[in-house]
file start.cif (mmCIF, C-alpha atoms (C1' of nucleotides))
data_coords
#
loop_
_atom_site.label_atom_id
_atom_site.label_comp_id
_atom_site.auth_asym_id
_atom_site.auth_seq_id
_atom_site.Cartn_x
_atom_site.Cartn_y
_atom_site.Cartn_z
CA MET Y 900 64.93 116.12 131.38
CA PRO Y 901 66.28 119.49 130.20
CA SER Y 902 64.38 121.31 127.51
CA SER Y 903 65.94 122.48 124.31
CA ILE Y 904 65.95 126.03 125.71
CA GLU Y 905 68.34 124.92 128.41
CA TYR Y 906 70.64 123.40 125.83
CA ILE Y 907 70.55 126.64 123.85
CA GLU Y 908 71.68 128.51 126.94
CA LYS Y 909 74.31 125.93 127.71
CA LEU Y 910 75.71 126.16 124.20
CA ARG Y 911 75.66 129.96 124.18
CA LYS Y 912 77.52 130.05 127.50
CA SER Y 913 80.23 127.94 125.90
CA ASN Y 914 80.48 130.15 122.84
CA LEU Y 915 78.96 127.49 120.65
CA ARG Y 916 76.18 128.64 118.39
CA PRO Y 917 73.05 126.72 119.21
CA THR Y 918 72.41 125.05 115.89
CA LYS Y 919 69.71 122.46 115.27
CA GLN Y 920 72.38 119.80 115.05
CA ARG Y 921 74.08 120.68 118.31
CA ILE Y 922 70.78 120.87 120.15
CA LYS Y 923 69.72 117.50 118.82
CA ILE Y 924 73.03 115.96 119.87
CA CYS Y 925 72.64 117.50 123.33
CA GLU Y 926 69.23 115.89 123.58
CA VAL Y 927 70.50 112.47 122.57
CA LEU Y 928 73.43 112.69 124.96
CA PHE Y 929 72.01 114.48 127.96
CA ASN Y 930 68.31 113.61 128.10
CA ALA Y 931 69.16 110.02 129.04
CA ASP Y 932 68.31 108.86 132.59
CA LYS Y 933 71.82 107.65 133.10
CA THR Y 934 75.20 108.64 131.76
CA PHE Y 935 76.56 106.28 129.16
CA HIS Y 936 79.50 105.40 126.96
CA PHE Y 937 79.46 105.58 123.20
CA THR Y 938 81.45 105.61 120.01
CA ILE Y 939 80.77 108.00 117.16
CA SER Y 940 79.02 105.26 115.21
CA ASP Y 941 76.86 104.40 118.23
CA LEU Y 942 75.89 108.03 118.42
CA ALA Y 943 75.19 108.28 114.70
CA LYS Y 944 72.77 105.35 115.06
CA MET Y 945 71.10 106.90 118.08
CA ILE Y 946 70.57 110.13 116.19
CA GLU Y 947 69.12 108.31 113.22
CA VAL Y 948 66.59 106.47 115.39
CA ASN Y 949 65.75 109.54 117.42
CA ALA Y 950 65.79 112.07 114.64
CA ASN Y 951 63.55 113.84 112.30
CA GLN Y 952 66.68 115.37 110.88
CA LYS Y 953 69.77 113.85 109.39
CA ILE Y 954 73.13 114.99 110.72
CA SER Y 955 76.23 114.64 108.62
CA LEU Y 956 78.91 112.41 110.05
CA ALA Y 957 81.42 115.25 109.81
CA THR Y 958 79.17 117.35 111.99
CA VAL Y 959 78.85 114.59 114.53
CA TYR Y 960 82.63 114.43 114.77
CA ASN Y 961 82.95 118.21 114.95
CA THR Y 962 80.29 118.52 117.59
CA ILE Y 963 81.60 115.72 119.79
CA HIS Y 964 85.06 117.19 119.71
CA ALA Y 965 83.70 120.64 120.48
CA PHE Y 966 81.72 119.20 123.40
CA GLU Y 967 84.76 117.35 124.64
CA LYS Y 968 86.83 120.54 124.60
CA LYS Y 969 84.13 122.36 126.52
CA GLY Y 970 84.03 119.59 129.11
CA TYR Y 971 80.59 118.19 128.25
CA LEU Y 972 82.15 114.80 127.53
CA LYS Y 973 85.20 112.80 128.38
CA GLU Y 974 87.22 110.75 125.98
CA ILE Y 975 88.28 107.40 127.41
CA ALA Y 976 91.71 105.94 126.77
CA ILE Y 977 91.48 102.39 125.46
CA ASN Y 978 93.11 100.71 122.56
CA SER Y 979 90.32 100.07 120.23
CA SER Y 980 89.72 100.78 116.61
CA GLN Y 981 87.14 103.30 117.70
CA THR Y 982 87.30 106.11 120.25
CA TYR Y 983 84.94 105.96 123.20
CA PHE Y 984 83.30 108.91 124.90
CA ASP Y 985 81.52 109.18 128.22
CA THR Y 986 78.70 111.51 129.19
CA ASN Y 987 79.80 111.05 132.80
CA THR Y 988 82.39 113.78 133.23
CA SER Y 989 82.94 113.20 136.94
CA ASN Y 990 86.20 111.80 138.17
CA HIS Y 991 85.88 108.04 137.81
CA HIS Y 992 87.43 105.04 136.10
CA HIS Y 993 86.45 102.13 133.89
CA PHE Y 994 86.23 98.45 133.34
CA PHE Y 995 86.52 97.36 129.74
CA ASP Y 996 84.82 94.09 128.91
CA GLU Y 997 87.08 92.55 126.28
CA LYS Y 998 84.37 90.20 125.09
CA GLU Y 999 81.53 92.67 124.74
CA LYS Y 1000 83.82 95.58 123.85
CA GLU Y 1001 81.86 97.50 126.43
CA LEU Y 1002 82.82 100.03 129.07
CA ILE Y 1003 81.49 99.90 132.61
CA ASP Y 1004 81.94 102.69 135.13
CA LEU Y 1005 84.21 102.13 138.08
CA GLU Y 1006 83.37 104.87 140.52
CA ASN Y 1007 85.92 106.12 142.99
CA ASP Y 1008 84.37 104.11 145.82
CA GLY Y 1009 85.12 100.95 143.83
CA LEU Y 1010 88.86 101.22 144.34
CA ASP Y 1011 91.40 102.54 146.80
CA PRO Y 1012 92.37 106.15 146.17
CA ILE Y 1013 94.94 106.69 143.47
CA ASN Y 1014 97.95 108.61 144.64
CA ILE Y 1015 100.71 109.36 142.17
CA LYS Y 1016 103.97 109.90 144.06
CA LYS Y 1017 106.30 110.37 141.11
CA ASN Y 1018 106.21 113.52 139.05
CA ILE Y 1019 107.63 114.62 135.73
CA PRO Y 1020 109.70 117.81 135.97
CA GLY Y 1021 108.12 120.73 134.12
CA LYS Y 1022 104.87 118.87 133.61
CA ILE Y 1023 101.60 118.84 135.45
CA ILE Y 1024 99.10 116.03 135.73
CA LYS Y 1025 96.12 116.56 133.47
CA SER Y 1026 94.27 113.34 134.25
CA VAL Y 1027 94.61 109.96 135.89
CA GLU Y 1028 92.72 107.13 134.29
CA VAL Y 1029 92.48 103.56 135.50
CA LEU Y 1030 91.37 100.95 132.99
CA VAL Y 1031 90.56 97.48 134.29
CA LYS Y 1032 90.29 94.98 131.48
CA VAL Y 1033 88.02 92.06 132.24
CA ASP Y 1034 86.98 88.98 130.32
CA VAL Y 1035 85.12 85.73 130.87
CA ASP Y 1036 87.08 83.35 133.06
CA LYS Y 1037 88.56 80.58 130.93
CA MET L 1052 123.08 91.33 125.23
CA PRO L 1053 121.53 88.05 124.10
CA SER L 1054 122.87 86.39 121.00
CA SER L 1055 120.74 85.37 118.08
CA ILE L 1056 120.98 81.76 119.28
CA GLU L 1057 119.12 82.71 122.42
CA TYR L 1058 116.40 84.35 120.39
CA ILE L 1059 116.13 81.22 118.26
CA GLU L 1060 115.55 79.19 121.40
CA LYS L 1061 113.13 81.72 122.78
CA LEU L 1062 111.10 81.66 119.58
CA ARG L 1063 111.12 77.87 119.37
CA LYS L 1064 109.89 77.58 122.94
CA SER L 1065 106.95 79.78 121.99
CA ASN L 1066 106.13 77.73 118.91
CA LEU L 1067 107.22 80.51 116.64
CA ARG L 1068 109.56 79.48 113.85
CA PRO L 1069 112.81 81.37 114.16
CA THR L 1070 112.82 83.20 110.87
CA LYS L 1071 115.37 85.85 109.89
CA GLN L 1072 112.71 88.52 110.32
CA ARG L 1073 111.64 87.46 113.78
CA ILE L 1074 115.23 87.19 114.97
CA LYS L 1075 116.03 90.65 113.65
CA ILE L 1076 112.98 92.10 115.38
CA CYS L 1077 114.00 90.37 118.62
CA GLU L 1078 117.41 91.98 118.30
CA VAL L 1079 115.99 95.44 117.75
CA LEU L 1080 113.56 95.07 120.64
CA PHE L 1081 115.51 93.12 123.20
CA ASN L 1082 119.17 94.01 122.71
CA ALA L 1083 118.54 97.52 124.02
CA ASP L 1084 120.03 98.45 127.38
CA LYS L 1085 116.69 99.61 128.64
CA THR L 1086 113.13 98.69 127.90
CA PHE L 1087 111.31 101.18 125.72
CA HIS L 1088 108.02 102.20 124.17
CA PHE L 1089 107.36 102.24 120.48
CA THR L 1090 104.80 102.41 117.72
CA ILE L 1091 104.91 100.19 114.65
CA SER L 1092 106.28 103.05 112.58
CA ASP L 1093 108.99 103.73 115.18
CA LEU L 1094 109.95 100.10 114.96
CA ALA L 1095 109.94 100.07 111.18
CA LYS L 1096 112.39 102.99 111.23
CA MET L 1097 114.60 101.26 113.79
CA ILE L 1098 114.73 98.16 111.64
CA GLU L 1099 115.60 100.16 108.56
CA VAL L 1100 118.49 101.87 110.32
CA ASN L 1101 119.69 98.70 111.97
CA ALA L 1102 119.10 96.33 109.12
CA ASN L 1103 120.88 94.70 106.32
CA GLN L 1104 117.53 93.24 105.41
CA LYS L 1105 114.22 94.80 104.61
CA ILE L 1106 111.17 93.58 106.47
CA SER L 1107 107.73 94.04 105.02
CA LEU L 1108 105.38 96.20 107.05
CA ALA L 1109 102.86 93.36 107.09
CA THR L 1110 105.46 91.12 108.70
CA VAL L 1111 106.28 93.73 111.30
CA TYR L 1112 102.62 93.89 112.26
CA ASN L 1113 102.28 90.11 112.29
CA THR L 1114 105.40 89.66 114.36
CA ILE L 1115 104.56 92.31 116.90
CA HIS L 1116 101.14 90.84 117.41
CA ALA L 1117 102.59 87.36 117.71
CA PHE L 1118 105.08 88.64 120.28
CA GLU L 1119 102.35 90.41 122.18
CA LYS L 1120 100.27 87.21 122.34
CA LYS L 1121 103.28 85.29 123.62
CA GLY L 1122 103.89 87.90 126.29
CA TYR L 1123 107.11 89.37 124.90
CA LEU L 1124 105.47 92.78 124.67
CA LYS L 1125 102.62 94.70 126.19
CA GLU L 1126 100.20 96.89 124.34
CA ILE L 1127 99.44 100.13 126.14
CA ALA L 1128 95.97 101.63 126.24
CA ILE L 1129 96.00 105.26 125.16
CA ASN L 1130 93.88 107.15 122.73
CA SER L 1131 96.21 107.94 119.98
CA SER L 1132 96.10 107.46 116.26
CA GLN L 1133 98.80 104.84 116.69
CA THR L 1134 99.08 101.88 119.03
CA TYR L 1135 101.96 101.85 121.48
CA PHE L 1136 103.88 98.81 122.66
CA ASP L 1137 106.24 98.34 125.57
CA THR L 1138 109.17 95.97 125.86
CA ASN L 1139 108.79 96.21 129.61
CA THR L 1140 106.30 93.45 130.38
CA SER L 1141 106.45 93.79 134.13
CA ASN L 1142 103.49 95.10 136.06
CA HIS L 1143 103.78 98.87 135.86
CA HIS L 1144 101.96 101.97 134.65
CA HIS L 1145 102.51 105.02 132.46
CA PHE L 1146 102.66 108.71 132.10
CA PHE L 1147 101.72 110.02 128.69
CA ASP L 1148 103.25 113.32 127.74
CA GLU L 1149 100.58 115.01 125.65
CA LYS L 1150 103.03 117.44 124.13
CA GLU L 1151 105.75 115.01 123.12
CA LYS L 1152 103.30 112.15 122.50
CA GLU L 1153 105.69 110.09 124.55
CA LEU L 1154 105.22 107.41 127.18
CA ILE L 1155 107.19 107.34 130.42
CA ASP L 1156 107.20 104.41 132.82
CA LEU L 1157 105.50 104.78 136.16
CA GLU L 1158 106.77 101.90 138.24
CA ASN L 1159 104.71 100.49 141.07
CA ASP L 1160 106.78 102.34 143.66
CA GLY L 1161 105.70 105.60 142.04
CA LEU L 1162 102.11 105.30 143.22
CA ASP L 1163 100.06 103.83 146.04
CA PRO L 1164 98.97 100.26 145.40
CA ILE L 1165 95.96 99.84 143.17
CA ASN L 1166 93.20 97.84 144.77
CA ILE L 1167 90.02 97.23 142.83
CA LYS L 1168 87.17 96.56 145.25
CA LYS L 1169 84.33 96.25 142.76
CA ASN L 1170 84.02 93.22 140.55
CA ILE L 1171 82.00 92.31 137.49
CA PRO L 1172 80.01 89.09 137.93
CA GLY L 1173 81.20 86.30 135.65
CA LYS L 1174 84.31 88.21 134.64
CA ILE L 1175 87.85 88.16 135.86
CA ILE L 1176 90.38 90.98 135.82
CA LYS L 1177 92.89 90.59 133.02
CA SER L 1178 94.85 93.76 133.63
CA VAL L 1179 94.84 97.05 135.50
CA GLU L 1180 96.42 99.98 133.73
CA VAL L 1181 96.90 103.46 135.09
CA LEU L 1182 97.52 106.22 132.57
CA VAL L 1183 98.59 109.61 133.89
CA LYS L 1184 98.36 112.27 131.22
CA VAL L 1185 100.75 115.16 131.72
CA ASP L 1186 101.44 118.35 129.83
CA VAL L 1187 103.39 121.56 130.21
CA ASP L 1188 101.91 123.81 132.85
CA LYS L 1189 100.12 126.72 131.19
"C1'" DA R 142 115.58 65.35 99.11
"C1'" DA R 143 110.68 65.84 99.03
"C1'" DA R 144 106.52 67.06 101.31
"C1'" DT R 145 104.06 70.21 104.08
"C1'" DA R 146 102.82 73.53 107.08
"C1'" DG R 147 104.16 77.97 108.60
"C1'" DT R 148 105.79 82.49 107.17
"C1'" DT R 149 106.75 86.48 104.31
"C1'" DA R 150 105.83 90.12 101.09
"C1'" DA R 151 103.59 93.26 98.01
"C1'" DT R 152 99.61 95.16 97.47
"C1'" DA R 153 94.73 95.79 97.96
"C1'" DA R 154 91.08 96.58 101.13
"C1'" DT R 155 89.07 98.46 105.22
"C1'" DG R 156 87.44 101.67 108.39
"C1'" DA R 157 87.78 105.43 111.49
"C1'" DT R 158 88.83 110.01 111.29
"C1'" DT R 159 90.08 114.46 109.17
"C1'" DC R 160 90.08 117.68 105.41
"C1'" DT R 161 88.05 120.62 101.79
"C1'" DA R 162 85.30 123.87 99.69
"C1'" DA R 163 80.81 125.22 98.77
"C1'" DA R 164 76.27 126.00 100.63
"C1'" DT R 165 73.70 127.25 104.60
"C1'" DT R 166 72.56 129.40 108.95
"C1'" DG R 167 72.86 132.20 113.26
"C1'" DT R 168 73.54 136.64 114.87
"C1'" DA R 169 74.85 141.42 115.10
"C1'" DT R 170 74.03 145.72 112.98
"C1'" DG R 171 71.77 149.32 110.53
"C1'" DC M 325 63.14 143.53 109.16
"C1'" DA M 326 67.02 143.20 105.76
"C1'" DT M 327 71.89 142.77 105.13
"C1'" DA M 328 76.39 141.32 106.03
"C1'" DC M 329 79.54 138.32 107.88
"C1'" DA M 330 81.39 134.83 110.42
"C1'" DA M 331 80.40 130.30 112.11
"C1'" DT M 332 78.64 125.98 110.91
"C1'" DT M 333 77.13 122.19 108.12
"C1'" DT M 334 77.57 119.11 104.42
"C1'" DA M 335 79.01 115.56 101.04
"C1'" DG M 336 82.51 113.61 99.51
"C1'" DA M 337 87.47 113.15 98.99
"C1'" DA M 338 91.69 112.24 101.33
"C1'" DT M 339 94.45 110.25 104.93
"C1'" DC M 340 96.48 106.91 107.63
"C1'" DA M 341 96.94 102.99 110.62
"C1'" DT M 342 95.84 98.49 110.38
"C1'" DT M 343 94.18 94.04 108.38
"C1'" DA M 344 93.33 90.88 104.58
"C1'" DT M 345 94.78 88.39 100.49
"C1'" DT M 346 97.35 85.16 98.22
"C1'" DA M 347 101.30 83.69 95.74
"C1'" DA M 348 106.11 82.87 96.63
"C1'" DC M 349 109.31 81.32 99.92
"C1'" DT M 350 111.37 78.75 103.92
"C1'" DA M 351 111.87 75.96 108.13
"C1'" DT M 352 111.04 71.58 109.67
"C1'" DT M 353 109.60 66.80 109.39
"C1'" DT M 354 109.75 62.45 107.08
#
call {"tool": "encode", "arguments": {"input": "start.cif", "output": "structure tokens"}}
result
Amino acid sequence: MPSSIEYIEKLRKSNLRPTKQRIKICEVLFNADKTFHFTISDLAKMIEVNANQKISLATVYNTIHAFEKKGYLKEIAINSSQTYFDTNTSNHHHFFDEKEKELIDLENDGLDPINIKKNIPGKIIKSVEVLVKVDVDK
Amino acid sequence: MPSSIEYIEKLRKSNLRPTKQRIKICEVLFNADKTFHFTISDLAKMIEVNANQKISLATVYNTIHAFEKKGYLKEIAINSSQTYFDTNTSNHHHFFDEKEKELIDLENDGLDPINIKKNIPGKIIKSVEVLVKVDVDK
DNA sequence: AAATAGTTAATAATGATTCTAAATTGTATG
DNA sequence: CATACAATTTAGAATCATTATTAACTATTT
């Protein structure tokens, strides 16, 4: 479990000032045993439980977007009223449980390799995301 | 190009009353030469241009969701402030041009077959969507 | 033609996200 | 260490897509 000093270094390296708020958010996101998926409101709740400090919602949004730009997080494409983020930034895909509104990792060994044969002139591929929607059988 | 009588039949078969509004929306969506992608606000504009009748935004939303449930349309998973729909309901995938905020079809012959090897106990796969984000090279 | 159940429409409400401007804080410099 | 300045935080307002509300309207059944 990284110490706050490591997060300070990490933030500095990314040209993000290591503020109390950013360090706290790093702790909540990156001290976990496993990577996980979250929405901003999930995260706000986690901070509240975990925190001896209150972080403004605007700051949570700012910070998460800053972290996403720096590659600390990935945003996951699903149609939902809320945006989901993933602390697992490795190349992988997702199941989305329609009933639980919950994401589940689909690692690359869980599917045949994706190979895009078509290309768009003048454009380069930035990402390839597979979303497998699942639901209870009925 | 189907006539309005065909849309009336189509709607009746789906247990949707063939109202003026629904027929008009069918015309705008399904009289096009090619399938296309749209947002609700795109569609509202198309109706306005095309129409001798005004359709309430609430009705546009209701109708599009009704059509989606009946399988006339597919909703496409992307993270965007607006939801995208596709009049192409066949099994296929998408590019998303980050610059133009535009979807482009990626037919099944444009990529190697998708084969999901992992499964989620108690759940069945409802859909598999591949989203390839592209942008100008820079 | 009347009854009724489904549909439409205008508008209000909601909820996630972004914006704003003022207060605060981190950091570089003297 | 004190100061200056730019970056950051904050609370709350604003935005915008979408959904809810409910009264008026319409398609269909009897």
call {"tool": "closest_residue", "arguments": {"input": "start.cif", "among": "Y:Lys1032, Y:Arg916, Y:Lys909, Y:Lys969", "to": "chain R", "atoms": "all atoms listed in the file"}}
result
Y:Arg916
call {"tool": "resolve_selection", "arguments": {"input": "start.cif", "expression": "the PyMOL selection byres ((chain M) within 9 of (chain Y))", "output": "PDB file with C-alpha atoms (C1' of nucleotides), in the coordinates of the input"}}
result
ATOM      1  C1'  DA M 331      80.400 130.300 112.110  1.00  0.00           C
ATOM      2  C1'  DT M 332      78.640 125.980 110.910  1.00  0.00           C
ATOM      3  C1'  DT M 333      77.130 122.190 108.120  1.00  0.00           C
ATOM      4  C1'  DT M 334      77.570 119.110 104.420  1.00  0.00           C
ATOM      5  C1'  DA M 335      79.010 115.560 101.040  1.00  0.00           C
TER       6       DA M 335
END
call {"tool": "resolve_selection", "arguments": {"input": "start.cif", "expression": "the PyMOL selection byres ((chain R) within 12 of (chain Y))", "output": "ChimeraX atom specification"}}
result
/R:155-161,165-168
call {"tool": "residues_around", "arguments": {"input": "start.cif", "residues": "His1116 in chain L", "least_positions_apart": "5", "cutoff": "10 Å", "atoms": "all atoms listed in the file", "output": "list in words"}}
result
Thr1110, Val1111, Lys1121, Gly1122, Tyr1123, Leu1124, Lys1125, Glu1126 and Phe1136 of chain L
call {"tool": "resolve_selection", "arguments": {"input": "start.cif", "expression": "the PyMOL selection byres ((chain Y and resi 1033) around 12)", "output": "count of residues only"}}
result
31
call {"tool": "atom_distance", "arguments": {"input": "start.cif", "atom1": "CA of Asp1137 in chain L", "atom2": "CA of Pro1053 in chain L"}}
result
18.5 Å
call {"tool": "atom_distance", "arguments": {"input": "start.cif", "atom1": "C1' of DT339 in chain M", "atom2": "CA of Lys968 in chain Y"}}
result
23.5 Å
call {"tool": "residues_around", "arguments": {"input": "start.cif", "residues": "DA154 in chain R", "least_positions_apart": "4", "cutoff": "10 Å", "atoms": "only C-alpha atoms (C1' of nucleotides)", "output": "list in words"}}
result
DT343, DA344 and DT345 of chain M
call {"tool": "atom_distance", "arguments": {"input": "start.cif", "atom1": "CA of Ile1074 in chain L", "atom2": "CA of Asp1156 in chain L"}}
result
26.1 Å
call {"tool": "residues_around", "arguments": {"input": "start.cif", "residues": "Asn930 in chain Y", "least_positions_apart": "2", "cutoff": "10 Å", "atoms": "only C-alpha atoms (C1' of nucleotides)", "output": "ChimeraX atom specification"}}
result
/Y:900-903,924-928,932-934
call {"tool": "residues_around", "arguments": {"input": "start.cif", "residues": "DC349 in chain M", "least_positions_apart": "3", "cutoff": "12 Å", "atoms": "only C-alpha atoms (C1' of nucleotides)", "output": "PyMOL selection string"}}
result
(chain L and resi 1070) or (chain R and resi 147-150)
call {"tool": "write_last_selection", "arguments": {"input": "start.cif", "atoms": "C-alpha atoms (C1' of nucleotides)", "output": "mmCIF file, keeping the file's coordinate frame"}}
result
data_model
loop_
_atom_site.group_PDB
_atom_site.id
_atom_site.type_symbol
_atom_site.label_atom_id
_atom_site.label_comp_id
_atom_site.auth_asym_id
_atom_site.auth_seq_id
_atom_site.Cartn_x
_atom_site.Cartn_y
_atom_site.Cartn_z
ATOM 1 C CA THR L 1070 112.820 83.200 110.870
ATOM 2 C "C1'" DG R 147 104.160 77.970 108.600
ATOM 3 C "C1'" DT R 148 105.790 82.490 107.170
ATOM 4 C "C1'" DT R 149 106.750 86.480 104.310
ATOM 5 C "C1'" DA R 150 105.830 90.120 101.090
#
call {"tool": "residues_around", "arguments": {"input": "start.cif", "residues": "DA146 in chain R", "least_positions_apart": "5", "cutoff": "12 Å", "atoms": "only C-alpha atoms (C1' of nucleotides)", "output": "ChimeraX atom specification"}}
result
/L:1068 /M:350-353
call {"tool": "write_last_selection", "arguments": {"input": "start.cif", "atoms": "C-alpha atoms (C1' of nucleotides)", "output": "PDB file, in the frame of the given file"}}
result
ATOM      1  CA  ARG L1068     109.560  79.480 113.850  1.00  0.00           C
TER       2      ARG L1068
ATOM      3  C1'  DT M 350     111.370  78.750 103.920  1.00  0.00           C
ATOM      4  C1'  DA M 351     111.870  75.960 108.130  1.00  0.00           C
ATOM      5  C1'  DT M 352     111.040  71.580 109.670  1.00  0.00           C
ATOM      6  C1'  DT M 353     109.600  66.800 109.390  1.00  0.00           C
TER       7       DT M 353
END
call {"tool": "closest_residue", "arguments": {"input": "start.cif", "among": "L:Asn1166, L:Ser1141, L:Asn1066, L:Asn1159", "to": "chain Y", "atoms": "only C-alpha atoms"}}
result
L:Asn1166
call {"tool": "closest_residue", "arguments": {"input": "start.cif", "among": "L:Thr1114, L:Ser1131, L:Asn1142, L:Asn1103", "to": "chain Y", "atoms": "all atoms listed in the file"}}
result
L:Ser1131
